[in-house]
Amino acid sequence: MIQTLKMAMKSISGNKMRSFLTMLGIIIGVMALVVLVSLVNGATSTVTDTVNSLGTDLLTVTVSDDYGNLVTLDTLQEWATEDGIGDIAPAETTSATVKYDSDSDTATVYGTTASYYDVEGLELSLGRFLKTTDVDNNNYVCVVSQSLAEDLVGYLDCLGEEISLDGMKFTIVGVLADDDSSLTSVLTSGTLAVYIPYTTLLRISDSISSDITTFYVSAAEDSDTDTAESVITSLLLERFEEDSDAFEVSNSNVLEDTMSSITSILTIMLGGIAGISLLVGGIGIMNIMLVSVTERTREIGIRKSIGASRGVILRQFLMEAVALCMMGCLIGIFISWVILKLASVVVSSLSMSFDMNGPVVLIAVVFCFIIGLIFGLYPANKAAKMKPIDALHYGG
């Protein structure tokens, strides 16, 4: 076997340019497979980490039919004591004309409770968020978005200033920061938003009813989102006569699941394209091996005439085809590693990195080996079946 390998390597090195051009298809195929899949995995990992950092452990519950069993603040407080559930906060929204001095604009008004701050993972720039006492006493206090403070009031440090919502005076007690620490912050960044106690919103708005139709649930610290979803679903089924159509529980982890599905499909597609490139490279291997068999016909005749068996000739040419494939594979892997390192340097400012995917490299190596065997088998078998007398008289 060692002698056969030496002869194969000698034959390959004897035609360096032709061997390199033959391997080029394999090199490009391996590069396409390793680089593209590794780039997709690296980008996906970065996006997944970003989504996770925004807080995907959130459940959104929407009630469409309460069967006469209204969901109230007391109901939510009772459910918040259940195992597996962390915080629960209602979220009713409306729009209102917000005015400060002579300036006015339209803002989104959120009626909620103190728990909303932790459930949504908000961040304060100044002041405080709503307190339970604000909700209990129907206080006319509000927390505004950073954009509203800067664009309408005119400056960020506006604690204690009064704004009016549809003519009702509210005192600013907090200013939210526009950042990317939570999904809500990202979605509302740059918008004019005002957060007021839920009970106060009921007083000033005729369009908001006393029954809560939308609220958010977070998982307890020692639990997970799936457990919290199971617990809240059981509570809702018990309250609404086992009718699962009366409500909808949306798990924000669906973002991650959807992204994972898209990535898997994209990886398969890219892998398929790269696989086609490798097959094309395999055809090039078979073509050049057929040429090599034709060129070395007299050599084959001489070897057979001095006792070389059919198996020896078969192994020699098959080994040569496999060696061409594996050398192309190794070169492709090395170039892929260089490309990924350069790509990581280029996008380092975006906090992204691209590492070579181990399983994909293994797949590339195995696939190249199989291609070498499959596409080298026909030329090798053709050489092995030659009759010594015919090979010696070949004049090509």
# chains A, B, ... in the order shown; residues from 1 in each chain; ligands from 1
$ residues_around --residues "Tyr110 (chain A)" --least-positions-apart "2" --cutoff "12 Å" --atoms "only C-alpha atoms" --output "PyMOL selection string"
chain A and resi 89-96+107-108+112-113+116-117+130+142-145+165+188+192-202+205+208+214-215
$ closest_residue --among "A:Thr297, A:Ser115, A:Ser353, A:Ser19" --to "Leu76 (chain A)" --atoms "only C-alpha atoms"
A:Ser115
$ residues_around --residues "Gly332 (chain A)" --least-positions-apart "3" --cutoff "7 Å" --atoms "only C-alpha atoms" --output "PyMOL selection string"
chain A and resi 27-28+30-31+328-329+335-336
$ closest_residue --among "A:Gln316, A:Ser64, A:Thr133, A:Ser147" --to "Asp243 (chain A)" --atoms "only C-alpha atoms"
A:Ser64
$ residues_around --residues "region 364-378 of chain A" --least-positions-apart "6" --cutoff "6 Å" --atoms "only C-alpha atoms" --output "mmCIF file with all heavy atoms, in the first residue's frame"
data_model
loop_
_atom_site.group_PDB
_atom_site.id
_atom_site.type_symbol
_atom_site.label_atom_id
_atom_site.label_comp_id
_atom_site.auth_asym_id
_atom_site.auth_seq_id
_atom_site.Cartn_x
_atom_site.Cartn_y
_atom_site.Cartn_z
ATOM 1 N N GLY A 282 -15.160 16.230 -9.106
ATOM 2 C CA GLY A 282 -14.975 14.784 -9.256
ATOM 3 C C GLY A 282 -14.974 14.365 -10.714
ATOM 4 O O GLY A 282 -14.196 13.472 -11.122
ATOM 5 N N MET A 286 -12.053 12.329 -12.804
ATOM 6 C CA MET A 286 -12.243 11.156 -13.668
ATOM 7 C C MET A 286 -11.709 11.422 -15.070
ATOM 8 O O MET A 286 -11.079 10.547 -15.689
ATOM 9 C CB MET A 286 -13.721 10.792 -13.721
ATOM 10 C CG MET A 286 -13.999 9.524 -14.524
ATOM 11 S SD MET A 286 -15.691 8.926 -14.382
ATOM 12 C CE MET A 286 -16.581 10.257 -15.199
ATOM 13 N N LEU A 318 -6.526 3.964 -8.578
ATOM 14 C CA LEU A 318 -7.545 4.403 -7.613
ATOM 15 C C LEU A 318 -6.901 5.256 -6.525
ATOM 16 O O LEU A 318 -7.454 6.281 -6.099
ATOM 17 C CB LEU A 318 -8.245 3.188 -7.003
ATOM 18 C CG LEU A 318 -9.550 3.457 -6.252
ATOM 19 C CD1 LEU A 318 -10.581 4.107 -7.169
ATOM 20 C CD2 LEU A 318 -10.115 2.162 -5.675
ATOM 21 N N ALA A 321 -6.289 8.771 -7.850
ATOM 22 C CA ALA A 321 -7.504 9.597 -7.881
ATOM 23 C C ALA A 321 -7.861 10.096 -6.482
ATOM 24 O O ALA A 321 -8.203 11.271 -6.282
ATOM 25 C CB ALA A 321 -8.661 8.808 -8.477
ATOM 26 N N VAL A 322 -7.774 9.194 -5.507
ATOM 27 C CA VAL A 322 -8.086 9.577 -4.125
ATOM 28 C C VAL A 322 -7.079 10.599 -3.615
ATOM 29 O O VAL A 322 -7.441 11.565 -2.927
ATOM 30 C CB VAL A 322 -8.119 8.331 -3.213
ATOM 31 C CG1 VAL A 322 -8.248 8.742 -1.753
ATOM 32 C CG2 VAL A 322 -9.270 7.409 -3.595
ATOM 33 N N CYS A 325 -7.891 14.013 -4.921
ATOM 34 C CA CYS A 325 -9.043 14.582 -4.197
ATOM 35 C C CYS A 325 -8.656 15.061 -2.806
ATOM 36 O O CYS A 325 -9.036 16.156 -2.385
ATOM 37 C CB CYS A 325 -10.165 13.544 -4.094
ATOM 38 S SG CYS A 325 -11.224 13.468 -5.541
#
$ residues_around --residues "Lys341 (chain A)" --least-positions-apart "6" --cutoff "12 Å" --atoms "only C-alpha atoms" --output "list in words"
Val35, Ser38, Leu39, Gly42, Phe334, Ile335, Val347, Ser348, Met352, Ser353, Phe354, Asp355 and Met356 of chain A
$ write_last_selection --atoms "all heavy atoms" --output "compact mmCIF listing (two decimals), in the first residue's frame"
# COMPACT_ATOMS: atom_id res chain seq x y z
N VAL A 35 -16.48 27.61 3.77
CA VAL A 35 -16.58 29.06 4.00
C VAL A 35 -18.03 29.50 4.13
O VAL A 35 -18.40 30.20 5.08
CB VAL A 35 -15.88 29.84 2.87
CG1 VAL A 35 -16.15 31.33 3.01
CG2 VAL A 35 -14.38 29.59 2.91
N SER A 38 -19.71 28.10 7.31
CA SER A 38 -19.11 28.74 8.50
C SER A 38 -19.56 30.19 8.63
O SER A 38 -19.81 30.68 9.73
CB SER A 38 -17.58 28.66 8.43
OG SER A 38 -17.15 27.32 8.46
N LEU A 39 -19.67 30.91 7.49
CA LEU A 39 -20.15 32.29 7.53
C LEU A 39 -21.59 32.35 8.03
O LEU A 39 -21.94 33.20 8.85
CB LEU A 39 -20.04 32.93 6.14
CG LEU A 39 -18.64 33.27 5.64
CD1 LEU A 39 -18.70 33.80 4.21
CD2 LEU A 39 -17.96 34.29 6.54
N GLY A 42 -21.62 31.58 11.76
CA GLY A 42 -21.08 32.69 12.54
C GLY A 42 -22.06 33.83 12.64
O GLY A 42 -22.27 34.41 13.72
N PHE A 334 -7.35 24.69 3.99
CA PHE A 334 -6.39 25.71 4.43
C PHE A 334 -6.79 27.10 3.93
O PHE A 334 -6.79 28.07 4.69
CB PHE A 334 -4.98 25.36 3.93
CG PHE A 334 -3.96 26.43 4.22
CD1 PHE A 334 -3.48 26.61 5.50
CD2 PHE A 334 -3.50 27.26 3.20
CE1 PHE A 334 -2.54 27.61 5.78
CE2 PHE A 334 -2.58 28.25 3.47
CZ PHE A 334 -2.09 28.42 4.76
N ILE A 335 -7.15 27.20 2.65
CA ILE A 335 -7.56 28.49 2.10
C ILE A 335 -8.83 28.98 2.80
O ILE A 335 -8.99 30.19 3.07
CB ILE A 335 -7.78 28.39 0.58
CG1 ILE A 335 -6.46 28.04 -0.11
CG2 ILE A 335 -8.33 29.70 0.03
CD1 ILE A 335 -6.58 27.83 -1.61
N VAL A 347 -14.83 42.15 10.00
CA VAL A 347 -16.10 42.44 10.69
C VAL A 347 -15.94 42.49 12.20
O VAL A 347 -16.92 42.42 12.93
CB VAL A 347 -17.18 41.39 10.32
CG1 VAL A 347 -17.45 41.39 8.83
CG2 VAL A 347 -16.77 40.00 10.79
N SER A 348 -14.70 42.61 12.67
CA SER A 348 -14.47 42.62 14.12
C SER A 348 -15.18 43.78 14.80
O SER A 348 -15.59 43.68 15.96
CB SER A 348 -12.97 42.69 14.41
OG SER A 348 -12.40 43.86 13.82
N MET A 352 -18.58 40.34 15.42
CA MET A 352 -18.83 39.06 14.78
C MET A 352 -17.52 38.32 14.57
O MET A 352 -16.47 38.94 14.38
CB MET A 352 -19.54 39.25 13.42
CG MET A 352 -20.92 39.87 13.52
SD MET A 352 -21.68 40.14 11.89
CE MET A 352 -21.88 38.45 11.33
N SER A 353 -17.58 37.01 14.61
CA SER A 353 -16.40 36.20 14.33
C SER A 353 -16.83 34.96 13.57
O SER A 353 -17.93 34.45 13.76
CB SER A 353 -15.69 35.79 15.63
OG SER A 353 -16.55 34.98 16.43
N PHE A 354 -15.96 34.49 12.70
CA PHE A 354 -16.26 33.33 11.88
C PHE A 354 -15.22 32.26 12.15
O PHE A 354 -14.04 32.43 11.83
CB PHE A 354 -16.27 33.70 10.40
CG PHE A 354 -17.26 34.78 10.06
CD1 PHE A 354 -16.82 36.05 9.70
CD2 PHE A 354 -18.62 34.55 10.13
CE1 PHE A 354 -17.72 37.05 9.38
CE2 PHE A 354 -19.53 35.55 9.83
CZ PHE A 354 -19.08 36.80 9.46
N ASP A 355 -15.65 31.17 12.76
CA ASP A 355 -14.76 30.05 13.05
C ASP A 355 -15.08 28.89 12.12
O ASP A 355 -16.23 28.68 11.73
CB ASP A 355 -14.92 29.61 14.51
CG ASP A 355 -14.54 30.71 15.48
OD1 ASP A 355 -13.53 31.38 15.22
OD2 ASP A 355 -15.24 30.89 16.50
N MET A 356 -14.06 28.13 11.81
CA MET A 356 -14.25 26.97 10.95
C MET A 356 -15.12 25.94 11.66
O MET A 356 -14.87 25.59 12.81
CB MET A 356 -12.89 26.38 10.56
CG MET A 356 -12.99 25.32 9.48
SD MET A 356 -11.37 24.81 8.88
CE MET A 356 -10.85 26.27 8.00
$ closest_residue --among "A:Asp224, A:Val293, A:Val280, A:Ile363" --to "Ala380 (chain A)" --atoms "only C-alpha atoms"
A:Val293
$ decode --residues "region 294-329 of chain A" --atoms "N, CA, C and O atoms" --output "CSV table (one decimal), in the first residue's frame"
chain,number,residue,atom,x,y,z
A,294,THR,N,-4.7,6.5,-20.6
A,294,THR,CA,-4.4,6.4,-22.0
A,294,THR,C,-2.9,6.7,-22.2
A,294,THR,O,-2.2,6.0,-23.0
A,295,GLU,N,-2.4,7.7,-21.5
A,295,GLU,CA,-1.0,8.1,-21.7
A,295,GLU,C,0.0,7.0,-21.2
A,295,GLU,O,1.1,6.8,-21.7
A,296,ARG,N,-0.5,6.2,-20.2
A,296,ARG,CA,0.4,5.2,-19.6
A,296,ARG,C,0.1,3.8,-20.0
A,296,ARG,O,0.3,2.8,-19.2
A,297,THR,N,-0.6,3.7,-21.1
A,297,THR,CA,-1.0,2.3,-21.5
A,297,THR,C,0.2,1.4,-21.7
A,297,THR,O,0.2,0.2,-21.2
A,298,ARG,N,1.3,1.8,-22.3
A,298,ARG,CA,2.5,0.9,-22.4
A,298,ARG,C,3.1,0.6,-21.1
A,298,ARG,O,3.5,-0.5,-20.8
A,299,GLU,N,3.1,1.6,-20.1
A,299,GLU,CA,3.5,1.3,-18.8
A,299,GLU,C,2.7,0.2,-18.1
A,299,GLU,O,3.3,-0.7,-17.5
A,300,ILE,N,1.4,0.3,-18.3
A,300,ILE,CA,0.5,-0.7,-17.8
A,300,ILE,C,0.8,-2.1,-18.4
A,300,ILE,O,0.9,-3.1,-17.7
A,301,GLY,N,1.1,-2.1,-19.7
A,301,GLY,CA,1.4,-3.4,-20.3
A,301,GLY,C,2.7,-4.0,-19.8
A,301,GLY,O,2.8,-5.2,-19.6
A,302,ILE,N,3.7,-3.1,-19.6
A,302,ILE,CA,5.0,-3.6,-19.1
A,302,ILE,C,4.8,-4.2,-17.7
A,302,ILE,O,5.3,-5.3,-17.4
A,303,ARG,N,4.1,-3.5,-16.8
A,303,ARG,CA,3.9,-3.9,-15.5
A,303,ARG,C,3.1,-5.3,-15.4
A,303,ARG,O,3.4,-6.1,-14.6
A,304,LYS,N,2.1,-5.4,-16.3
A,304,LYS,CA,1.4,-6.6,-16.3
A,304,LYS,C,2.2,-7.8,-16.8
A,304,LYS,O,2.1,-8.9,-16.3
A,305,SER,N,3.1,-7.5,-17.8
A,305,SER,CA,3.9,-8.6,-18.4
A,305,SER,C,4.9,-9.1,-17.4
A,305,SER,O,5.4,-10.2,-17.6
A,306,ILE,N,5.3,-8.3,-16.4
A,306,ILE,CA,6.3,-8.8,-15.5
A,306,ILE,C,5.7,-9.2,-14.2
A,306,ILE,O,6.3,-9.4,-13.2
A,307,GLY,N,4.3,-9.4,-14.2
A,307,GLY,CA,3.7,-10.0,-13.1
A,307,GLY,C,2.7,-9.2,-12.2
A,307,GLY,O,2.1,-9.7,-11.3
A,308,ALA,N,2.5,-7.9,-12.6
A,308,ALA,CA,1.6,-7.1,-11.8
A,308,ALA,C,0.1,-7.6,-12.0
A,308,ALA,O,-0.3,-7.8,-13.1
A,309,SER,N,-0.6,-7.8,-10.9
A,309,SER,CA,-1.9,-8.3,-11.0
A,309,SER,C,-2.9,-7.2,-11.3
A,309,SER,O,-2.6,-6.0,-11.2
A,310,ARG,N,-4.1,-7.6,-11.6
A,310,ARG,CA,-5.2,-6.7,-11.9
A,310,ARG,C,-5.4,-5.8,-10.7
A,310,ARG,O,-5.6,-4.6,-10.8
A,311,GLY,N,-5.4,-6.4,-9.5
A,311,GLY,CA,-5.7,-5.7,-8.3
A,311,GLY,C,-4.6,-4.6,-8.0
A,311,GLY,O,-5.0,-3.5,-7.5
A,312,VAL,N,-3.4,-4.9,-8.4
A,312,VAL,CA,-2.3,-3.9,-8.1
A,312,VAL,C,-2.5,-2.7,-9.0
A,312,VAL,O,-2.4,-1.6,-8.6
A,313,ILE,N,-2.8,-2.9,-10.3
A,313,ILE,CA,-3.0,-1.8,-11.2
A,313,ILE,C,-4.3,-1.0,-10.8
A,313,ILE,O,-4.2,0.2,-10.8
A,314,LEU,N,-5.3,-1.7,-10.4
A,314,LEU,CA,-6.5,-1.0,-9.9
A,314,LEU,C,-6.2,-0.1,-8.7
A,314,LEU,O,-6.7,1.0,-8.7
A,315,ARG,N,-5.5,-0.7,-7.8
A,315,ARG,CA,-5.2,0.1,-6.6
A,315,ARG,C,-4.3,1.3,-6.9
A,315,ARG,O,-4.5,2.4,-6.3
A,316,GLN,N,-3.4,1.1,-7.8
A,316,GLN,CA,-2.5,2.2,-8.2
A,316,GLN,C,-3.3,3.4,-8.7
A,316,GLN,O,-3.1,4.6,-8.2
A,317,PHE,N,-4.1,3.2,-9.7
A,317,PHE,CA,-4.8,4.3,-10.3
A,317,PHE,C,-5.9,4.9,-9.4
A,317,PHE,O,-6.2,6.1,-9.3
A,318,LEU,N,-6.5,4.0,-8.6
A,318,LEU,CA,-7.5,4.4,-7.6
A,318,LEU,C,-6.9,5.3,-6.5
A,318,LEU,O,-7.5,6.3,-6.1
A,319,MET,N,-5.7,4.8,-6.1
A,319,MET,CA,-5.0,5.6,-5.1
A,319,MET,C,-4.6,7.0,-5.6
A,319,MET,O,-4.7,8.0,-4.9
A,320,GLU,N,-4.3,7.1,-6.9
A,320,GLU,CA,-3.9,8.3,-7.5
A,320,GLU,C,-5.1,9.3,-7.5
A,320,GLU,O,-5.0,10.5,-7.2
A,321,ALA,N,-6.3,8.8,-7.9
A,321,ALA,CA,-7.5,9.6,-7.9
A,321,ALA,C,-7.9,10.1,-6.5
A,321,ALA,O,-8.2,11.3,-6.3
A,322,VAL,N,-7.8,9.2,-5.5
A,322,VAL,CA,-8.1,9.6,-4.1
A,322,VAL,C,-7.1,10.6,-3.6
A,322,VAL,O,-7.4,11.6,-2.9
A,323,ALA,N,-5.8,10.4,-4.0
A,323,ALA,CA,-4.8,11.3,-3.5
A,323,ALA,C,-5.0,12.7,-4.1
A,323,ALA,O,-4.8,13.7,-3.4
A,324,LEU,N,-5.4,12.8,-5.4
A,324,LEU,CA,-5.7,14.1,-6.0
A,324,LEU,C,-6.8,14.8,-5.2
A,324,LEU,O,-6.8,16.0,-4.9
A,325,CYS,N,-7.9,14.0,-4.9
A,325,CYS,CA,-9.0,14.6,-4.2
A,325,CYS,C,-8.7,15.1,-2.8
A,325,CYS,O,-9.0,16.2,-2.4
A,326,MET,N,-7.9,14.3,-2.1
A,326,MET,CA,-7.6,14.6,-0.7
A,326,MET,C,-6.6,15.8,-0.6
A,326,MET,O,-6.7,16.6,0.3
A,327,MET,N,-5.7,15.8,-1.6
A,327,MET,CA,-4.8,17.0,-1.6
A,327,MET,C,-5.6,18.3,-1.9
A,327,MET,O,-5.3,19.3,-1.3
A,328,GLY,N,-6.5,18.2,-2.9
A,328,GLY,CA,-7.3,19.3,-3.2
A,328,GLY,C,-8.2,19.7,-2.0
A,328,GLY,O,-8.4,20.9,-1.7
A,329,CYS,N,-8.7,18.7,-1.2
A,329,CYS,CA,-9.5,19.0,0.0
A,329,CYS,C,-8.6,19.7,1.0
A,329,CYS,O,-9.1,20.7,1.6
